[in-house]
file data35.tsv (TSV, C-alpha atoms and all ligand atoms)
chain	number	residue	atom	x	y	z
Y	246	MET	CA	-21.36	0.61	16.45
Y	247	GLN	CA	-20.43	3.76	14.49
Y	248	ALA	CA	-19.28	3.12	10.94
Y	249	ILE	CA	-18.85	4.98	7.68
Y	250	GLU	CA	-20.84	3.78	4.71
Y	251	ILE	CA	-20.86	4.71	1.06
Y	252	ALA	CA	-24.41	6.14	0.84
Y	253	GLU	CA	-24.18	6.21	-2.98
Y	254	PHE	CA	-21.27	6.24	-5.41
Y	255	GLY	CA	-19.73	9.68	-5.86
Y	256	ASP	CA	-17.65	12.44	-4.30
Y	257	PRO	CA	-16.17	12.25	-0.76
Y	258	GLU	CA	-19.42	13.60	0.77
Y	259	VAL	CA	-21.14	10.26	0.06
Y	260	LEU	CA	-19.16	8.84	3.00
Y	261	GLN	CA	-21.73	9.02	5.81
Y	262	PRO	CA	-21.53	8.10	9.51
Y	263	VAL	CA	-24.14	5.43	10.35
Y	264	GLU	CA	-25.05	3.01	13.15
Y	265	ARG	CA	-24.39	-0.61	12.18
Y	266	LYS	CA	-24.62	-3.90	14.02
Y	267	THR	CA	-21.27	-4.92	15.50
Y	268	PRO	CA	-19.99	-7.81	13.35
Y	269	ARG	CA	-19.42	-11.25	14.86
Y	270	PRO	CA	-16.18	-13.13	14.26
Y	271	GLY	CA	-16.74	-16.37	12.34
Y	272	PRO	CA	-14.51	-19.44	12.58
Y	273	GLY	CA	-10.86	-18.45	12.17
Y	274	GLU	CA	-11.64	-14.74	12.59
Y	275	VAL	CA	-11.10	-12.17	15.35
Y	276	LEU	CA	-13.15	-9.11	16.27
Y	277	ILE	CA	-10.95	-6.00	16.63
Y	278	ARG	CA	-11.96	-2.90	18.59
Y	279	VAL	CA	-10.60	-0.47	16.00
Y	280	ARG	CA	-8.46	2.40	17.29
Y	281	ALA	CA	-7.33	3.62	13.85
Y	282	ALA	CA	-7.89	2.75	10.19
Y	283	GLY	CA	-5.75	3.52	7.15
Y	284	ILE	CA	-6.99	5.25	3.98
Y	285	ASN	CA	-5.83	3.81	0.68
Y	286	ARG	CA	-6.40	4.92	-2.90
Y	287	PRO	CA	-8.43	1.76	-3.67
Y	288	ASP	CA	-10.97	3.08	-1.09
Y	289	LEU	CA	-11.46	6.13	-3.34
Y	290	LEU	CA	-12.13	3.86	-6.31
Y	291	GLN	CA	-14.64	1.85	-4.23
Y	292	ARG	CA	-16.40	5.09	-3.20
Y	293	LYS	CA	-16.74	6.04	-6.88
Y	294	GLY	CA	-18.20	2.62	-7.76
Y	295	LEU	CA	-15.09	1.53	-9.67
Y	296	TYR	CA	-13.80	-1.18	-7.31
Y	297	ALA	CA	-16.39	-3.49	-5.78
Y	298	ALA	CA	-15.71	-5.30	-2.51
Y	299	PRO	CA	-15.01	-9.00	-3.17
Y	300	PRO	CA	-17.82	-11.49	-2.43
Y	301	GLY	CA	-18.33	-11.95	1.32
Y	302	ALA	CA	-16.45	-8.77	2.29
Y	303	SER	CA	-18.11	-5.95	4.25
Y	304	ASP	CA	-19.55	-3.09	2.16
Y	305	ILE	CA	-18.02	-0.67	4.69
Y	306	PRO	CA	-14.78	0.69	3.20
Y	307	GLY	CA	-11.37	0.27	4.84
Y	308	LEU	CA	-8.63	-2.25	4.09
Y	309	GLU	CA	-6.48	-1.96	7.22
Y	310	VAL	CA	-6.95	-1.35	10.93
Y	311	ALA	CA	-5.08	-1.27	14.22
Y	312	GLY	CA	-6.72	-1.90	17.58
Y	313	ILE	CA	-7.32	-4.38	20.37
Y	314	ILE	CA	-8.66	-7.91	19.92
Y	315	GLU	CA	-12.09	-8.01	21.58
Y	316	LYS	CA	-13.30	-11.54	20.71
Y	317	LEU	CA	-11.97	-14.70	19.15
Y	318	GLY	CA	-13.93	-16.79	16.65
Y	319	ALA	CA	-13.90	-20.58	16.85
Y	320	GLY	CA	-10.60	-22.27	16.10
Y	321	VAL	CA	-8.38	-19.19	16.40
Y	322	SER	CA	-4.93	-19.99	17.74
Y	323	GLY	CA	-1.91	-17.87	18.66
Y	324	LEU	CA	-3.99	-14.73	19.34
Y	325	GLU	CA	-5.65	-13.58	22.60
Y	326	THR	CA	-8.27	-11.03	23.56
Y	327	GLY	CA	-6.53	-7.84	24.67
Y	328	ASN	CA	-3.70	-8.20	22.11
Y	329	ALA	CA	-2.74	-4.92	20.38
Y	330	VAL	CA	-2.66	-5.74	16.68
Y	331	CYS	CA	-2.91	-4.43	13.16
Y	332	ALA	CA	-4.63	-6.33	10.35
Y	333	LEU	CA	-5.23	-6.42	6.63
Y	334	VAL	CA	-8.96	-6.76	5.90
Y	335	ALA	CA	-10.95	-7.08	2.67
Y	336	GLY	CA	-13.32	-4.30	3.88
Y	337	GLY	CA	-14.98	-2.94	7.01
Y	338	GLY	CA	-12.09	-0.87	8.41
Y	339	TYR	CA	-13.92	2.49	8.74
Y	340	ALA	CA	-15.81	1.38	11.86
Y	341	GLU	CA	-15.54	0.97	15.62
Y	342	TYR	CA	-15.32	-2.81	15.25
Y	343	CYS	CA	-13.95	-4.88	12.40
Y	344	VAL	CA	-13.60	-8.60	11.78
Y	345	ALA	CA	-10.25	-9.87	10.46
Y	346	PRO	CA	-9.08	-13.33	9.39
Y	347	GLN	CA	-6.47	-14.63	11.83
Y	348	GLU	CA	-3.96	-15.08	8.97
Y	349	THR	CA	-3.63	-11.33	8.34
Y	350	VAL	CA	-3.35	-10.19	11.97
Y	351	LEU	CA	0.09	-9.00	13.06
Y	352	PRO	CA	1.19	-7.63	16.42
Y	353	LYS	CA	1.21	-3.84	16.71
Y	354	PRO	CA	4.92	-2.93	16.80
Y	355	GLU	CA	5.49	-1.58	20.32
Y	356	PRO	CA	7.04	1.82	19.42
Y	357	LEU	CA	4.27	2.70	16.97
Y	358	SER	CA	1.03	4.48	17.84
Y	359	PHE	CA	-2.24	2.83	16.73
Y	360	GLU	CA	-2.44	5.52	14.02
Y	361	ALA	CA	0.99	4.62	12.61
Y	362	ALA	CA	0.32	0.86	12.89
Y	363	ALA	CA	-3.03	1.20	11.08
Y	364	GLY	CA	-1.14	2.48	8.04
Y	365	LEU	CA	1.07	-0.60	7.75
Y	366	PRO	CA	-0.89	-3.60	6.43
Y	367	GLU	CA	-2.24	-2.63	3.00
Y	368	THR	CA	0.96	-1.14	1.59
Y	369	TYR	CA	3.36	-3.48	3.44
Y	370	PHE	CA	1.53	-6.60	2.17
Y	371	THR	CA	1.26	-5.12	-1.35
Y	372	VAL	CA	4.89	-4.02	-1.64
Y	373	TRP	CA	6.26	-7.22	-0.14
Y	374	SER	CA	4.13	-9.43	-2.37
Y	375	ASN	CA	4.94	-7.55	-5.57
Y	376	VAL	CA	8.55	-6.49	-5.10
Y	377	PHE	CA	10.03	-9.41	-3.16
Y	378	ASP	CA	7.78	-12.34	-4.11
Y	379	ARG	CA	6.59	-11.63	-7.66
Y	380	ALA	CA	9.60	-9.60	-8.86
Y	381	ARG	CA	12.15	-11.60	-6.79
Y	382	PHE	CA	14.03	-8.44	-5.71
Y	383	GLU	CA	17.46	-9.33	-4.27
Y	384	PRO	CA	19.76	-7.39	-1.90
Y	385	GLY	CA	22.09	-5.15	-3.92
Y	386	GLU	CA	19.54	-4.64	-6.69
Y	387	THR	CA	17.90	-1.32	-7.64
Y	388	LEU	CA	14.16	-0.59	-7.55
Y	389	LEU	CA	12.52	2.27	-9.44
Y	390	VAL	CA	9.14	3.17	-7.88
Y	391	HIS	CA	6.77	5.84	-9.19
Y	392	GLY	CA	4.74	7.96	-6.75
Y	393	GLY	CA	7.60	7.72	-4.22
Y	394	SER	CA	5.82	9.84	-1.59
Y	395	SER	CA	2.57	7.83	-1.76
Y	396	GLY	CA	1.56	5.17	0.75
Y	397	ILE	CA	2.90	2.50	-1.59
Y	398	GLY	CA	5.99	4.51	-2.62
Y	399	SER	CA	7.07	5.42	0.92
Y	400	THR	CA	6.61	1.78	1.97
Y	401	ALA	CA	8.70	0.62	-0.99
Y	402	ILE	CA	11.51	2.96	0.11
Y	403	LEU	CA	11.48	1.65	3.69
Y	404	LEU	CA	11.20	-2.06	2.79
Y	405	VAL	CA	13.80	-2.05	0.02
Y	406	LYS	CA	16.32	-0.14	2.15
Y	407	ALA	CA	15.64	-2.54	5.04
Y	408	MET	CA	16.35	-5.48	2.70
Y	409	GLY	CA	19.66	-4.07	1.44
Y	410	GLY	CA	18.56	-2.67	-1.93
Y	411	ARG	CA	18.83	0.70	-3.69
Y	412	VAL	CA	15.71	2.79	-4.43
Y	413	ILE	CA	15.15	5.43	-7.08
Y	414	VAL	CA	11.80	7.22	-6.93
Y	415	THR	CA	9.82	9.57	-9.12
Y	416	ALA	CA	7.61	12.25	-7.57
Y	417	GLY	CA	5.80	15.35	-8.81
Y	418	THR	CA	7.15	18.18	-6.62
Y	419	PRO	CA	10.50	19.20	-5.05
Y	420	GLU	CA	8.85	18.75	-1.60
Y	421	LYS	CA	7.83	15.19	-2.42
Y	422	CYS	CA	11.34	14.44	-3.73
Y	423	ALA	CA	12.90	15.83	-0.51
Y	424	PHE	CA	10.48	13.72	1.57
Y	425	CYS	CA	11.54	10.56	-0.30
Y	426	LEU	CA	15.26	11.31	0.16
Y	427	GLU	CA	14.66	11.90	3.87
Y	428	LEU	CA	12.95	8.48	4.10
Y	429	GLY	CA	16.06	6.87	2.62
Y	430	ALA	CA	15.63	6.90	-1.17
Y	431	ASP	CA	18.98	6.91	-2.98
Y	432	ALA	CA	17.72	9.24	-5.71
Y	433	ALA	CA	14.51	11.17	-6.34
Y	434	ILE	CA	13.51	12.32	-9.82
Y	435	ASN	CA	10.99	15.14	-10.23
Y	436	TYR	CA	9.29	13.73	-13.32
Y	437	LYS	CA	7.76	17.12	-14.14
Y	438	ASP	CA	11.23	18.68	-14.69
Y	439	GLN	CA	13.37	15.66	-15.53
Y	440	ASP	CA	13.18	12.68	-17.90
Y	441	PHE	CA	12.91	9.71	-15.55
Y	442	VAL	CA	14.36	7.29	-18.13
Y	443	ALA	CA	17.56	9.31	-18.63
Y	444	GLU	CA	17.85	9.95	-14.87
Y	445	THR	CA	17.35	6.28	-13.94
Y	446	LEU	CA	20.03	5.23	-16.40
Y	447	ALA	CA	22.35	7.98	-15.08
Y	448	HIS	CA	21.82	6.80	-11.48
Y	449	THR	CA	22.65	3.18	-12.44
Y	450	GLU	CA	25.76	3.77	-14.59
Y	451	GLY	CA	23.68	3.09	-17.70
Y	452	LYS	CA	22.67	-0.40	-16.51
Y	453	GLY	CA	19.05	0.39	-15.56
Y	454	ALA	CA	16.85	-0.63	-12.62
Y	455	ASP	CA	16.39	-4.32	-11.81
Y	456	VAL	CA	12.73	-3.89	-10.82
Y	457	VAL	CA	10.17	-1.17	-11.61
Y	458	LEU	CA	7.06	-0.91	-9.39
Y	459	ASP	CA	4.49	1.02	-11.40
Y	460	MET	CA	1.12	2.44	-10.30
Y	461	VAL	CA	0.79	4.78	-13.32
Y	462	ALA	CA	0.99	2.37	-16.32
Y	463	GLY	CA	-0.49	3.79	-19.62
Y	464	PRO	CA	2.19	5.95	-21.24
Y	465	TYR	CA	4.72	4.94	-18.55
Y	466	ILE	CA	4.98	1.30	-19.64
Y	467	GLU	CA	7.24	1.82	-22.67
Y	468	ARG	CA	9.43	4.17	-20.59
Y	469	ASP	CA	9.53	1.69	-17.68
Y	470	ILE	CA	10.83	-0.90	-20.12
Y	471	ALA	CA	13.53	1.56	-21.23
Y	472	CYS	CA	14.52	1.99	-17.55
Y	473	LEU	CA	14.99	-1.74	-16.94
Y	474	ALA	CA	18.31	-3.56	-16.82
Y	475	GLU	CA	18.83	-6.94	-18.52
Y	476	ASP	CA	16.65	-9.61	-16.86
Y	477	GLY	CA	14.64	-6.74	-15.28
Y	478	ARG	CA	11.14	-7.13	-13.89
Y	479	LEU	CA	8.20	-4.70	-14.30
Y	480	VAL	CA	5.34	-5.01	-11.78
Y	481	ILE	CA	2.11	-3.13	-12.48
Y	482	ILE	CA	-0.16	-2.52	-9.47
Y	483	ALA	CA	-2.47	0.25	-10.73
Y	484	PHE	CA	-3.45	2.32	-13.79
Y	485	LEU	CA	-3.49	5.92	-12.56
Y	486	GLY	CA	-2.31	6.95	-16.06
Y	487	GLY	CA	-4.56	4.52	-17.98
Y	488	ALA	CA	-4.86	0.78	-18.55
Y	489	ARG	CA	-3.88	0.80	-22.23
Y	490	ALA	CA	-0.45	1.22	-23.76
Y	491	GLU	CA	1.09	0.92	-27.20
Y	492	LEU	CA	4.65	-0.29	-26.99
Y	493	ASN	CA	7.60	-1.73	-28.82
Y	494	LEU	CA	8.07	-5.23	-27.40
Y	495	GLY	CA	11.56	-5.59	-28.89
Y	496	PRO	CA	13.36	-4.68	-25.62
Y	497	VAL	CA	11.32	-7.30	-23.74
Y	498	MET	CA	13.06	-10.01	-25.80
Y	499	ILE	CA	16.44	-8.34	-26.12
Y	500	LYS	CA	16.75	-7.60	-22.37
Y	501	ARG	CA	14.86	-10.81	-21.31
Y	502	LEU	CA	12.33	-8.80	-19.27
Y	503	THR	CA	9.41	-10.05	-17.18
Y	504	ILE	CA	6.17	-8.05	-17.04
Y	505	THR	CA	3.76	-8.95	-14.25
Y	506	GLY	CA	1.21	-7.45	-11.86
Y	507	SER	CA	-1.31	-8.37	-9.19
Y	508	THR	CA	-4.12	-7.21	-6.95
Y	509	LEU	CA	-4.15	-8.17	-3.29
Y	510	ARG	CA	-7.69	-7.73	-2.01
Y	511	ALA	CA	-9.41	-10.75	-3.53
Y	512	ARG	CA	-6.56	-13.21	-2.89
Y	513	PRO	CA	-7.25	-16.06	-0.42
Y	514	ASN	CA	-6.48	-15.62	3.27
Y	515	ALA	CA	-3.92	-18.43	3.11
Y	516	PHE	CA	-1.96	-16.46	0.49
Y	517	LYS	CA	-2.14	-13.28	2.58
Y	518	GLY	CA	-1.03	-15.32	5.59
Y	519	GLN	CA	2.15	-16.33	3.76
Y	520	ILE	CA	2.97	-12.66	3.14
Y	521	ALA	CA	2.21	-11.90	6.82
Y	522	GLY	CA	4.72	-14.58	7.82
Y	523	ARG	CA	7.47	-13.03	5.68
Y	524	LEU	CA	6.74	-9.52	6.98
Y	525	LYS	CA	6.80	-10.82	10.55
Y	526	LYS	CA	10.18	-12.44	9.97
Y	527	HIS	CA	11.95	-9.73	7.96
Y	528	ILE	CA	10.29	-6.38	8.74
Y	529	TRP	CA	8.44	-6.57	12.09
Y	530	PRO	CA	11.70	-6.83	14.10
Y	531	LEU	CA	12.87	-3.56	12.49
Y	532	LEU	CA	9.56	-1.86	13.30
Y	533	ALA	CA	9.71	-3.21	16.86
Y	534	ALA	CA	13.25	-1.84	17.24
Y	535	GLY	CA	12.17	1.58	15.92
Y	536	ARG	CA	14.48	1.22	12.89
Y	537	CYS	CA	11.72	1.59	10.31
Y	538	ARG	CA	9.34	4.54	10.83
Y	539	PRO	CA	6.26	4.63	8.60
Y	540	PRO	CA	5.35	8.24	7.73
Y	541	VAL	CA	1.88	9.52	8.72
Y	542	ASP	CA	0.71	12.50	6.66
Y	543	SER	CA	-2.43	13.34	8.61
Y	544	VAL	CA	-5.01	11.96	11.06
Y	545	PHE	CA	-8.78	12.61	10.82
Y	546	GLY	CA	-11.66	11.54	13.09
Y	547	LEU	CA	-13.85	8.65	11.88
Y	548	ALA	CA	-16.72	11.04	11.13
Y	549	GLU	CA	-14.30	13.08	8.98
Y	550	ALA	CA	-13.72	10.26	6.48
Y	551	ALA	CA	-14.95	12.51	3.65
Y	552	LYS	CA	-12.25	15.09	4.52
Y	553	ALA	CA	-9.62	12.34	4.57
Y	554	HIS	CA	-10.67	11.18	1.09
Y	555	ALA	CA	-10.66	14.77	-0.16
Y	556	ARG	CA	-7.08	15.16	1.10
Y	557	MET	CA	-5.96	12.04	-0.79
Y	558	GLU	CA	-7.85	13.12	-3.91
Y	559	GLN	CA	-6.12	16.52	-3.81
Y	560	GLY	CA	-2.78	14.65	-4.00
Y	561	ASP	CA	-0.58	16.84	-1.76
Y	562	HIS	CA	-0.23	14.21	0.96
Y	563	MET	CA	3.08	12.53	1.74
Y	564	GLY	CA	2.84	9.16	3.52
Y	565	LYS	CA	-0.33	7.71	5.00
Y	566	ILE	CA	-3.67	9.33	5.79
Y	567	ILE	CA	-5.33	7.79	8.87
Y	568	LEU	CA	-8.74	7.78	10.58
Y	569	LYS	CA	-8.65	7.83	14.39
Y	570	VAL	CA	-11.59	5.86	15.75
H	1	LIG	N1	-2.56	-3.92	-6.89
H	1	LIG	C1	-2.71	-3.85	-5.58
H	1	LIG	O1	-2.82	-4.87	-4.89
H	1	LIG	C2	-2.72	-2.52	-4.91
H	1	LIG	C3	-2.76	-2.43	-3.50
H	1	LIG	C4	-2.72	-1.16	-2.91
H	1	LIG	C5	-2.66	-0.02	-3.71
H	1	LIG	N2	-2.67	-0.16	-5.07
H	1	LIG	C6	-2.63	1.03	-5.95
H	1	LIG	O2	-1.41	1.72	-5.73
H	1	LIG	C7	-1.60	3.11	-5.98
H	1	LIG	C8	-1.04	3.91	-4.83
H	1	LIG	O3	-1.86	3.72	-3.68
H	1	LIG	P1	-1.67	4.64	-2.41
H	1	LIG	O4	-2.68	4.23	-1.42
H	1	LIG	O5	-0.22	4.66	-2.06
H	1	LIG	O6	-2.12	6.06	-3.03
H	1	LIG	P2	-1.56	7.53	-2.88
H	1	LIG	O7	-0.82	7.69	-1.59
H	1	LIG	O8	-2.68	8.46	-3.15
H	1	LIG	O9	-0.52	7.64	-4.08
H	1	LIG	C9	-0.79	7.89	-5.41
H	1	LIG	C10	0.47	8.50	-6.03
H	1	LIG	O10	0.42	8.37	-7.43
H	1	LIG	C11	1.08	9.47	-8.01
H	1	LIG	N3	0.39	9.69	-9.28
H	1	LIG	C12	0.93	9.58	-10.49
H	1	LIG	N4	0.04	9.78	-11.45
H	1	LIG	C13	-1.12	10.03	-10.84
H	1	LIG	C14	-2.43	10.32	-11.31
H	1	LIG	N5	-2.72	10.38	-12.61
H	1	LIG	N6	-3.40	10.54	-10.36
H	1	LIG	C15	-3.13	10.47	-9.03
H	1	LIG	N7	-1.89	10.17	-8.54
H	1	LIG	C16	-0.91	9.98	-9.43
H	1	LIG	C17	1.02	10.61	-7.02
H	1	LIG	O11	2.32	11.14	-6.87
H	1	LIG	P3	2.89	12.42	-7.67
H	1	LIG	O12	2.12	13.62	-7.18
H	1	LIG	O13	4.30	12.43	-7.27
H	1	LIG	O14	2.65	12.10	-9.11
H	1	LIG	C18	0.64	9.95	-5.69
H	1	LIG	O15	1.69	10.06	-4.76
H	1	LIG	C19	-3.10	3.33	-6.15
H	1	LIG	O16	-3.40	3.49	-7.51
H	1	LIG	C20	-3.71	2.06	-5.61
H	1	LIG	O17	-4.95	1.75	-6.23
H	1	LIG	C21	-2.69	-1.36	-5.69
call {"tool": "encode", "arguments": {"input": "data35.tsv", "output": "structure tokens", "more": "lines below"}}
Ligand SMILES: NC(=O)c1ccc[n+]([C@@H]2O[C@H](COP(=O)([O-])OP(=O)(O)OC[C@H]3O[C@@H](n4cnc5c(N)ncnc54)[C@H](OP(=O)(O)O)[C@@H]3O)[C@@H](O)[C@H]2O)c1
result
Amino acid sequence: MQAIEIAEFGDPEVLQPVERKTPRPGPGEVLIRVRAAGINRPDLLQRKGLYAAPPGASDIPGLEVAGIIEKLGAGVSGLETGNAVCALVAGGGYAEYCVAPQETVLPKPEPLSFEAAAGLPETYFTVWSNVFDRARFEPGETLLVHGGSSGIGSTAILLVKAMGGRVIVTAGTPEKCAFCLELGADAAINYKDQDFVAETLAHTEGKGADVVLDMVAGPYIERDIACLAEDGRLVIIAFLGGARAELNLGPVMIKRLTITGSTLRARPNAFKGQIAGRLKKHIWPLLAAGRCRPPVDSVFGLAEAAKAHARMEQGDHMGKIILKV
């Protein structure tokens, strides 16, 4: 099969088309004929040698795919060959065939193309797990998410609105802010022109956000804490602004805050399966009814993976970048 491998760690050009043996599904796994694969920022880190695949995962990059089930491994139940699906995988997505654990396979929502469906799993699993499970977000509450136009940010807007919450986003350009408002955000703060702490408080009548989903960290942490309401929750999912912060912990006690975070990729399949179950119950019916439309920024051919990474690295994209296989 055709696949993309990381020939050596470095710039996007190290992503090279190669011939690889088609993988075989093990017990509890399915083989998917990939029609499209999503690009995620963790793939860029892996390409640079900063985020190793977990033990047992394919060295081929790619954390999410959509396609048709070609073969079932032993003991798989509830899935059939020929099913159109999308799946979260721990690696191996940038290829014509990819093996996925049955727990993380979800039906492709009928109205979505394979390209749109391929962009669902990684950010939908991540946002659900962090915002609704870890941070216990409730209907009627307010989420502040940084990078509102990113894969994660745009997913947070769609999921929180679908679950009856309010969303405030930060983004770095007027175009990105307009994109977030169009997706359903209640307020968009251009952090380059406006102070996001003052704006968040202004948009919440001085109360603050109930949950902050942060992919920037570093100097943002103390300001995130200032944005939080009493009993607020801060969830850290990346360190685009740095992994270290110096902060005054006083407000953590005074406002009874919770600070948490997580990474998804290395978690057990059983854990990912629980998230899949919640997404299937709460979000998949909305996708199937066309009431939740994930935004696709751009689609590249499999052999153009380097161009797709360069687009994400440049940072102008809004929504998901996809490889068509
Ligand atoms: N913990 C987990 O399990 C998990 C899972 C998936 C993804 N993630 C992380 O979540 C983050 C978002 O992923 P994604 O796939 O949605 O990526 P993406 O679409 O490229 O989004 C990154 C966003 O971050 C903003 N940003 C702020 N500071 C930045 C900086 N210093 N450098 C680059 N971007 C910056 C950018 O928006 P502005 O231009 O508006 O600033 C951009 O929209 C990534 O860091 C990824 O590693 C974590």
call {"tool": "closest_atom_pairs", "arguments": {"input": "data35.tsv", "of": "chain Y", "to": "ligand LIG 1 (chain H)", "cutoff": "6 Å", "atoms": "only C-alpha atoms and all ligand atoms", "output": "Markdown table"}}
result
| residue | atom | partner | partner_atom | distance |
| --- | --- | --- | --- | --- |
| Y:Asn285 | CA | H:LIG1 | O4 | 3.8 |
| Y:Arg286 | CA | H:LIG1 | O4 | 4.1 |
| Y:Pro287 | CA | H:LIG1 | O17 | 4.3 |
| Y:Thr368 | CA | H:LIG1 | C4 | 5.8 |
| Y:Thr371 | CA | H:LIG1 | C3 | 5.3 |
| Y:Gly392 | CA | H:LIG1 | O11 | 4.0 |
| Y:Ser394 | CA | H:LIG1 | O15 | 5.2 |
| Y:Ser395 | CA | H:LIG1 | O7 | 3.4 |
| Y:Gly396 | CA | H:LIG1 | O5 | 3.4 |
| Y:Ile397 | CA | H:LIG1 | O5 | 3.8 |
| Y:Ala416 | CA | H:LIG1 | O13 | 3.3 |
| Y:Gly417 | CA | H:LIG1 | O13 | 3.6 |
| Y:Met460 | CA | H:LIG1 | C7 | 5.1 |
| Y:Val461 | CA | H:LIG1 | N4 | 5.4 |
| Y:Ile482 | CA | H:LIG1 | N1 | 3.8 |
| Y:Ala483 | CA | H:LIG1 | O16 | 4.7 |
| Y:Leu485 | CA | H:LIG1 | N5 | 4.5 |
| Y:Gly486 | CA | H:LIG1 | N5 | 4.9 |
| Y:Ser507 | CA | H:LIG1 | N1 | 5.2 |
| Y:Thr508 | CA | H:LIG1 | O1 | 3.4 |
| Y:Leu509 | CA | H:LIG1 | O1 | 3.9 |
| Y:Met557 | CA | H:LIG1 | O8 | 5.4 |
| Y:Gly560 | CA | H:LIG1 | O12 | 5.9 |
call {"tool": "atom_distance", "arguments": {"input": "data35.tsv", "atom1": "CA of Val456 in chain Y", "atom2": "CA of Leu388 in chain Y"}}
result
4.9 Å
call {"tool": "closest_residue", "arguments": {"input": "data35.tsv", "among": "Y:Phe254, Y:Ala488, Y:Glu450, Y:Thr349", "to": "Gln291 in chain Y", "atoms": "all atoms listed in the file"}}
result
Y:Phe254
call {"tool": "residues_around", "arguments": {"input": "data35.tsv", "residues": "range 261-264 of chain Y", "least_positions_apart": "2", "cutoff": "10 Å", "atoms": "all atoms listed in the file", "output": "ChimeraX atom specification"}}
result
/Y:246-253,257-259,266-267,339-340,547-551
call {"tool": "closest_residue", "arguments": {"input": "data35.tsv", "among": "Y:Asp304, Y:Glu355, Y:Glu427, Y:Asp440", "to": "Asn328 in chain Y", "atoms": "all atoms listed in the file"}}
result
Y:Glu355
call {"tool": "closest_atom_pairs", "arguments": {"input": "data35.tsv", "of": "range 362-473 of chain Y", "to": "range 307-314 of chain Y", "cutoff": "9 Å", "atoms": "only C-alpha atoms", "output": "Markdown table"}}
result
| residue | atom | partner | partner_atom | distance |
| --- | --- | --- | --- | --- |
| Y:Ala362 | CA | Y:Ala311 | CA | 6.0 |
| Y:Ala363 | CA | Y:Ala311 | CA | 4.5 |
| Y:Gly364 | CA | Y:Glu309 | CA | 7.0 |
| Y:Leu365 | CA | Y:Glu309 | CA | 7.7 |
| Y:Pro366 | CA | Y:Glu309 | CA | 5.9 |
| Y:Glu367 | CA | Y:Glu309 | CA | 6.0 |
call {"tool": "closest_residue", "arguments": {"input": "data35.tsv", "among": "Y:Glu360, Y:Asp438, Y:Asp459, Y:Asp431", "to": "Asn375 in chain Y", "atoms": "all atoms listed in the file"}}
result
Y:Asp459
call {"tool": "closest_residue", "arguments": {"input": "data35.tsv", "among": "Y:Gly273, Y:Gly338, Y:Gly301, Y:Pro346", "to": "Gly320 in chain Y", "atoms": "only C-alpha atoms"}}
result
Y:Gly273
call {"tool": "residues_around", "arguments": {"input": "data35.tsv", "residues": "Pro539 in chain Y", "least_positions_apart": "5", "cutoff": "8 Å", "atoms": "only C-alpha atoms", "output": "CSV table (one decimal) with C-alpha atoms, in the frame of the given file"}}
result
chain,number,residue,atom,x,y,z
Y,361,ALA,CA,1.0,4.6,12.6
Y,364,GLY,CA,-1.1,2.5,8.0
Y,365,LEU,CA,1.1,-0.6,7.8
Y,399,SER,CA,7.1,5.4,0.9
Y,400,THR,CA,6.6,1.8,2.0
Y,403,LEU,CA,11.5,1.6,3.7
Y,564,GLY,CA,2.8,9.2,3.5
call {"tool": "atom_distance", "arguments": {"input": "data35.tsv", "atom1": "CA of Val405 in chain Y", "atom2": "CA of Thr449 in chain Y"}}
result
16.2 Å
call {"tool": "atom_distance", "arguments": {"input": "data35.tsv", "atom1": "CA of Gly487 in chain Y", "atom2": "CA of Phe377 in chain Y"}}
result
25.0 Å
call {"tool": "closest_residue", "arguments": {"input": "data35.tsv", "among": "Y:Gly385, Y:Pro354, Y:Gly409, Y:Pro464", "to": "Leu532 in chain Y", "atoms": "only C-alpha atoms"}}
result
Y:Pro354
call {"tool": "residues_around", "arguments": {"input": "data35.tsv", "residues": "Asp455 in chain Y", "least_positions_apart": "3", "cutoff": "9 Å", "atoms": "all atoms listed in the file", "output": "PyMOL selection string"}}
result
chain Y and resi 382+386-389+452+472-479
call {"tool": "closest_residue", "arguments": {"input": "data35.tsv", "among": "Y:Ala401, Y:Ala380, Y:Ile284, Y:Ile277", "to": "Ser543 in chain Y", "atoms": "only C-alpha atoms"}}
result
Y:Ile284
call {"tool": "residues_around", "arguments": {"input": "data35.tsv", "residues": "Gly429 in chain Y", "least_positions_apart": "2", "cutoff": "9 Å", "atoms": "all atoms listed in the file", "output": "PDB file with C-alpha atoms, keeping the file's coordinate frame"}}
result
ATOM      1  CA  ILE Y 402      11.510   2.960   0.110  1.00  0.00           C
ATOM      2  CA  LEU Y 403      11.480   1.650   3.690  1.00  0.00           C
ATOM      3  CA  LYS Y 406      16.320  -0.140   2.150  1.00  0.00           C
ATOM      4  CA  VAL Y 412      15.710   2.790  -4.430  1.00  0.00           C
ATOM      5  CA  PHE Y 424      10.480  13.720   1.570  1.00  0.00           C
ATOM      6  CA  CYS Y 425      11.540  10.560  -0.300  1.00  0.00           C
ATOM      7  CA  LEU Y 426      15.260  11.310   0.160  1.00  0.00           C
ATOM      8  CA  GLU Y 427      14.660  11.900   3.870  1.00  0.00           C
ATOM      9  CA  ASP Y 431      18.980   6.910  -2.980  1.00  0.00           C
ATOM     10  CA  ALA Y 432      17.720   9.240  -5.710  1.00  0.00           C
TER      11      ALA Y 432
END
call {"tool": "decode", "arguments": {"input": "data35.tsv", "residues": "range 554-563 of chain Y", "atoms": "C-alpha atoms", "output": "tab-separated table (two decimals), in the first residue's frame"}}
result
chain	number	residue	atom	x	y	z
Y	554	HIS	CA	1.79	20.17	7.20
Y	555	ALA	CA	3.24	23.39	5.78
Y	556	ARG	CA	-0.27	24.88	5.68
Y	557	MET	CA	-0.86	24.02	9.35
Y	558	GLU	CA	2.58	25.31	10.31
Y	559	GLN	CA	1.87	28.61	8.56
Y	560	GLY	CA	-1.17	29.00	10.86
Y	561	ASP	CA	-3.68	30.67	8.50
Y	562	HIS	CA	-6.00	27.67	8.36
Y	563	MET	CA	-9.49	27.72	9.85
